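Novice: Got a structure for you, questions after.
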Amino acid sequence: MNDARGADRELRAEIRVAASPDRVWQVLTDLSRMREWSPETVRMLPLKRGGLRVGQWYLGVNRRKAVVWPTRNVVVEVRPGRRLAWDTTSSGARWIYDLHVDGEGTRVVHTRPVPRGRLTLASSVVASSLLGGAAAHADELEAGMRQTLERLRAAIDG
């Protein structure tokens, strides 16, 4: 069962960007730049040919203080100018970016649901033993999502 404040809860952050959804999409979908925005992501490397597309795999490398760990990510949705989503198979989480026209700008909504209702055992063990606890790590992730969006906006305004 999901605890509203626990690690399995849906995380959410949003921001308004003074640029069109197409411009936001252009920057957001250059996943090689994710390390510039995300405080936890070190690298996102495509593992298959063909670029960003549904079914593409990415190796994510994450870091929190001295702890570094890999993730396997599978792109599940690509709707240009509207939505990008991937599943992190190693944790059971889905990472979603939704883009909405907002006047002359774009509202970017970043969510992290856990589609199966709970994170994987491996994710829970790593978070509990190395990251200060699963719920505390979820809190950090949510704060990091806000920071990611702020950095993304700064890169677009650049």
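As shown in the structure tokens, the chain order sets the letters A, B, ...; within each chain, residues go from 1, and ligands are also counted from 1 in the order they appear.
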Leaving out region 68-75 of chain A and any residue of its chain fewer than 6 positions from it, which residues lie within 8 Å of it when counting only C-alpha atoms, given as a ChimeraX atom specification?
Specialist: /A:52-62,84-91
Novice: Which distance in Å separates CA of Trp25 (chain A) and CA of Gly81 (chain A), to one decimal?
Specialist: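 Between CA of Trp25 (chain A) and CA of Gly81 (chain A) the gap works out to 5.3 Å.
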Novice: Kindly indicate which residue among A:Asp157, A:Asp102, A:Glu150, A:Asp30 lies nearest to Ile15 (chain A), using only C-alpha atoms for the distances.
Specialist: A:Glu150
Novice: Run DSSP on the backbone of this structure and report the residues of region 17-123 of chain A it assigns to alpha helix (DSSP H), as a PyMOL selection string.
Specialist: chain A and resi 21-28+34-37+121-123
Novice: What's the separation between CA of Glu104 (chain A) and CA of Leu141 (chain A), in Å to one decimal place?
Specialist: 29.4 Å
Novice: Fewer than 6 positions away in the same chain doesn't count, so skip those; otherwise give me all residues within 12 Å of Arg35 (chain A), counting only C-alpha atoms, as number ranges by chain.
Specialist: A: 28, 41-45, 60-63, 144, 147-148, 151-152
